[in-house]
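Participant: The structure under discussion is supplied below as structure tokens; questions concerning it will follow.
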Amino acid sequence: MKKITILLCTVAVIASCTKLDETVYDQIPSDEYFKTEEQVKGTLTTIYDEIRGDWNGKGYMGADRGWYDLNEISSDECMIPVRNGGADWQDGGVWVQMYKHTWSPTHPFFEQTWNWLYRAITACNQAVELLEEKNANPQFIAEAKVLRAQFYYMLMDGWGNVPIVTSTKTKVTDVVQSSRADVFAFVEKELKENVGNLSTNKSLYGRFTKGAGFALLSKVYLNAAVYTGTPKWAETIAACDSVIAQGYSLVPGNQYFDNGSAGLFGDVCNSSEVIYAISIDANKNPRNIVGIRSLRFEHGKALTFGKVSTWGGTTAHRNFIEKFQDGDIRKAQWIAVAKDRSGSPVQKDAGGDLVYNIDIPSIENAGSFDGLRNMKFNITAGYTAEGVGEINTNSANNDFPIYRYADILLVKAEAILRNGGNPGDAAVYLNQVRNRAGLADYPGTVTLEEIYDERGRELCWEGLRRQDMIRFDKYTLAHDFAPACDAKYKLFPIAPNTLANNSKLQQNPGY
């Protein structure tokens, strides 16, 4: 009797594919599986678990040293300076190398992220084969294929020419490298064939719905000129329109930083705006370290009744922070004066109020309090309530948005301009985002440069900046502590071990 390895979870969990209460690995006969719809859905749980971040490069976002850091620390909106003469955040130079674009193929982030993406693709391939074999609901087959397209989109974005493997029967010796254009064509085809079969139910939190599928397609088309040399602006606009048709809306400005269930970056992301989010439970389904990694440890303890010691690393150069004007509600995410949940000043361990300095003297040697800290993903109040039980001090409970409606509005505004459209038409979408932030309509003719800056203000620290910088031809230019760099850094290198394991792979140019 044939055996298959699957991830089993409780019926309630399988039905939602969100907060996992228990996971058990086991083997059961394949002809006894797929008796119920809940069992069919369970094959997708393994894939969604891969998206959730953990150590050693696993996940879209969650822990460090993976996809999120490749796209944030290498940009102009996020850095981790070496602090206190090398006593803190030296880490063999990995953070400075990422920020200054001086990495080599042996930088550890590349190999572990590549390995994670292909492990996730293998899980997708297994799910597709099992679901098709059992004639499962087309929605679930489509979900597995769209998830696979998401992972290939990331590989195409990061490495360019990568292998396309769609079968678990493919031998390593048969794996060949496809061109970036061919990977684009594969991802586009998979999405066009499958997004229509996804559910329109926006309450399927933490899963790919039709809105999320079209959001992914809009991003693929938005960057088509980078990937293939041929722009697809009309297709970008059409994909955005398909997202808009699903009925999403911006949350009110007074809920923007609500870290409960109403806000965008709290315990549960507001699904009226957030199209697809990673569902995180600090103890059961970790993790989110974005806020934890930024705040100085005294600050974190004051916010969590002494239960969480934050790490005091990530910050941004003042030039980026100063893109936020007074009156912009989003400026509040940058903290100069640390306060606890009651609003009282936080004290340094050495005494005196904890105040962060906006200026950073050097990325190679900063002090503990240099650089403002970011509280976009403020550690959720429910997770840190006084009297709470045992908690995971290396994770916050905040869910993480991968696609949200404000991003789609800005994508459409950009595509309208790049497609030769009327700047007034682009302003309609740009101004929706500005107005929600408490700002008046843009005073003048909307330009691509303004859309670029608005994307930075709205989407900072959400893992999107590197891609934006490349598309706007900013990534290789000098900024702040980063010198100008060679165009080869627009792509990540393939790790030596990966090349050694498959002689058919070729390194990206310049490495």
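How things are named: the first chain in the structure tokens is A, the next is B, and so on; residues count from 1 in each chain; ligands count from 1 in the order shown.
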Could you pull out the residues in stretch 79-300 of chain A that DSSP calls helix (DSSP H, G or I) from the backbone, as a PyMOL selection string?
Facilitator: chain A and resi 84-86+91-100+108-133+138-159+172-174+180-197+210-222+224-228+233-244+253-255+297-300
Participant: For the residues in that selection, give me C-alpha atoms as a tab-separated table (two decimals), in the first residue's frame.
Facilitator:
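Wrote it out as again_38.tsv, contents follow:
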chain	number	residue	atom	x	y	z
A	84	ASN	CA	29.47	50.04	20.52
A	85	GLY	CA	32.81	49.49	18.84
A	86	GLY	CA	31.83	46.11	17.45
A	91	ASP	CA	28.13	39.47	13.17
A	92	GLY	CA	31.02	38.97	10.78
A	93	GLY	CA	30.05	42.05	8.79
A	94	VAL	CA	26.91	40.53	7.23
A	95	TRP	CA	24.66	43.54	7.93
A	96	VAL	CA	27.09	46.19	6.66
A	97	GLN	CA	27.83	44.11	3.56
A	98	MET	CA	24.14	43.83	2.81
A	99	TYR	CA	23.53	47.57	3.24
A	100	LYS	CA	26.59	48.68	1.27
A	108	PRO	CA	25.08	33.13	4.26
A	109	PHE	CA	21.73	34.79	3.53
A	110	PHE	CA	21.77	33.71	-0.12
A	111	GLU	CA	22.19	29.97	0.28
A	112	GLN	CA	19.69	29.55	3.07
A	113	THR	CA	17.03	31.69	1.33
A	114	TRP	CA	17.48	29.84	-1.97
A	115	ASN	CA	17.20	26.50	-0.13
A	116	TRP	CA	14.03	27.63	1.64
A	117	LEU	CA	12.37	28.73	-1.61
A	118	TYR	CA	13.03	25.42	-3.30
A	119	ARG	CA	11.91	23.48	-0.24
A	120	ALA	CA	8.65	25.45	-0.39
A	121	ILE	CA	8.33	24.72	-4.11
A	122	THR	CA	8.81	21.02	-3.43
A	123	ALA	CA	5.95	21.19	-0.93
A	124	CYS	CA	3.83	22.90	-3.59
A	125	ASN	CA	4.69	20.22	-6.15
A	126	GLN	CA	3.73	17.48	-3.71
A	127	ALA	CA	0.44	19.20	-2.96
A	128	VAL	CA	-0.42	19.73	-6.63
A	129	GLU	CA	0.27	16.10	-7.49
A	130	LEU	CA	-1.76	14.73	-4.58
A	131	LEU	CA	-4.68	17.08	-5.15
A	132	GLU	CA	-4.83	16.40	-8.88
A	133	GLU	CA	-4.54	12.65	-8.33
A	138	PRO	CA	-10.26	23.05	-8.37
A	139	GLN	CA	-10.00	25.88	-5.83
A	140	PHE	CA	-7.46	23.96	-3.77
A	141	ILE	CA	-5.44	22.87	-6.80
A	142	ALA	CA	-5.39	26.49	-7.93
A	143	GLU	CA	-4.31	27.61	-4.46
A	144	ALA	CA	-1.32	25.25	-4.51
A	145	LYS	CA	-0.30	26.39	-7.99
A	146	VAL	CA	-0.63	30.10	-7.16
A	147	LEU	CA	1.46	29.57	-4.04
A	148	ARG	CA	4.09	27.90	-6.22
A	149	ALA	CA	3.96	30.90	-8.56
A	150	GLN	CA	4.55	33.18	-5.56
A	151	PHE	CA	7.77	31.35	-4.71
A	152	TYR	CA	8.97	31.35	-8.34
A	153	TYR	CA	8.20	35.07	-8.56
A	154	MET	CA	10.51	35.63	-5.59
A	155	LEU	CA	13.27	33.48	-7.12
A	156	MET	CA	12.93	35.33	-10.43
A	157	ASP	CA	13.04	38.66	-8.63
A	158	GLY	CA	16.10	37.78	-6.55
A	159	TRP	CA	18.23	35.54	-8.77
A	172	VAL	CA	18.59	16.47	-9.58
A	173	THR	CA	20.68	15.56	-12.63
A	174	ASP	CA	17.80	16.68	-14.87
A	180	ARG	CA	14.48	34.96	-16.33
A	181	ALA	CA	12.13	35.60	-19.24
A	182	ASP	CA	11.08	31.94	-19.28
A	183	VAL	CA	10.47	32.00	-15.52
A	184	PHE	CA	8.35	35.11	-16.02
A	185	ALA	CA	6.33	33.35	-18.73
A	186	PHE	CA	5.82	30.34	-16.47
A	187	VAL	CA	4.65	32.46	-13.52
A	188	GLU	CA	2.35	34.54	-15.74
A	189	LYS	CA	0.80	31.40	-17.28
A	190	GLU	CA	0.28	29.72	-13.90
A	191	LEU	CA	-1.44	32.81	-12.51
A	192	LYS	CA	-3.64	33.46	-15.54
A	193	GLU	CA	-4.79	29.83	-15.54
A	194	ASN	CA	-5.44	29.53	-11.82
A	195	VAL	CA	-6.34	32.85	-10.17
A	196	GLY	CA	-9.87	32.64	-11.55
A	197	ASN	CA	-10.43	29.43	-9.56
A	210	LYS	CA	-8.73	35.78	-5.81
A	211	GLY	CA	-7.77	39.25	-4.56
A	212	ALA	CA	-4.36	38.02	-3.45
A	213	GLY	CA	-3.83	36.18	-6.72
A	214	PHE	CA	-4.52	39.31	-8.77
A	215	ALA	CA	-2.32	41.33	-6.39
A	216	LEU	CA	0.55	38.94	-7.11
A	217	LEU	CA	-0.14	39.17	-10.84
A	218	SER	CA	-0.05	42.99	-10.64
A	219	LYS	CA	3.42	42.81	-9.06
A	220	VAL	CA	4.66	40.39	-11.70
A	221	TYR	CA	3.48	42.74	-14.45
A	222	LEU	CA	4.71	45.86	-12.62
A	224	ALA	CA	8.01	42.91	-16.23
A	225	ALA	CA	10.43	45.40	-17.81
A	226	VAL	CA	13.04	44.48	-15.19
A	227	TYR	CA	12.49	40.75	-15.67
A	228	THR	CA	12.12	40.55	-19.45
A	233	TRP	CA	1.82	48.52	-17.96
A	234	ALA	CA	-1.65	47.94	-19.41
A	235	GLU	CA	-1.63	44.45	-17.94
A	236	THR	CA	-0.53	45.89	-14.60
A	237	ILE	CA	-3.49	48.28	-14.60
A	238	ALA	CA	-5.90	45.47	-15.51
A	239	ALA	CA	-4.60	43.28	-12.68
A	240	CYS	CA	-4.99	46.18	-10.23
A	241	ASP	CA	-8.55	46.71	-11.45
A	242	SER	CA	-9.27	43.05	-10.76
A	243	VAL	CA	-8.05	43.53	-7.18
A	244	ILE	CA	-10.11	46.71	-6.77
A	253	GLY	CA	-6.31	56.83	9.50
A	254	ASN	CA	-7.08	56.57	13.20
A	255	GLN	CA	-6.80	52.78	12.93
A	297	PHE	CA	16.14	46.38	25.28
A	298	GLU	CA	14.97	48.72	28.05
A	299	HIS	CA	12.28	49.99	25.72
A	300	GLY	CA	10.98	46.50	24.99
Participant: Select from stretch 221-394 of chain A everything DSSP, run on the backbone, classes as strand (DSSP E or B), then give the selection as a tab-separated table (two decimals) with C-alpha atoms, in the first residue's frame.
Facilitator:
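Below is the file part-v1.tsv, written as the result:
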chain	number	residue	atom	x	y	z
A	274	VAL	CA	-4.93	43.61	3.93
A	275	ILE	CA	-5.35	41.27	0.98
A	276	TYR	CA	-2.97	38.55	2.14
A	277	ALA	CA	-1.18	38.29	5.48
A	278	ILE	CA	1.11	35.86	7.25
A	281	ASP	CA	1.26	33.41	16.91
A	285	ASN	CA	3.35	29.81	14.86
A	315	THR	CA	17.04	51.81	12.24
A	334	TRP	CA	9.63	56.65	14.00
A	335	ILE	CA	10.36	56.97	17.71
A	337	VAL	CA	11.54	59.41	22.87
A	339	LYS	CA	7.62	55.60	26.29
A	345	PRO	CA	9.20	57.95	29.66
A	347	GLN	CA	14.47	54.96	31.66
A	353	ASP	CA	15.20	59.14	29.83
A	355	VAL	CA	16.08	59.08	23.82
A	357	ASN	CA	19.35	60.16	18.21
A	366	ALA	CA	27.30	53.65	16.06
A	370	ASP	CA	21.90	56.20	17.51
A	373	ARG	CA	13.53	53.22	16.07
A	374	ASN	CA	10.51	51.93	14.21
Participant: List as a PyMOL selection string the protein and nucleic acid residues near A:Gly62, meaning an atom at most 9 Å away when only C-alpha atoms are counted, but skip any in the same chain fewer than 6 places from it.
Facilitator: chain A and resi 52-55+68+280+286-290+395+400
Participant: Using atom CA of A:Arg293 and atom CA of A:Val268 as the two end points, give the distance in Å to one decimal.
Facilitator: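 Going from atom CA of A:Arg293 over to atom CA of A:Val268, I get 20.0 Å.
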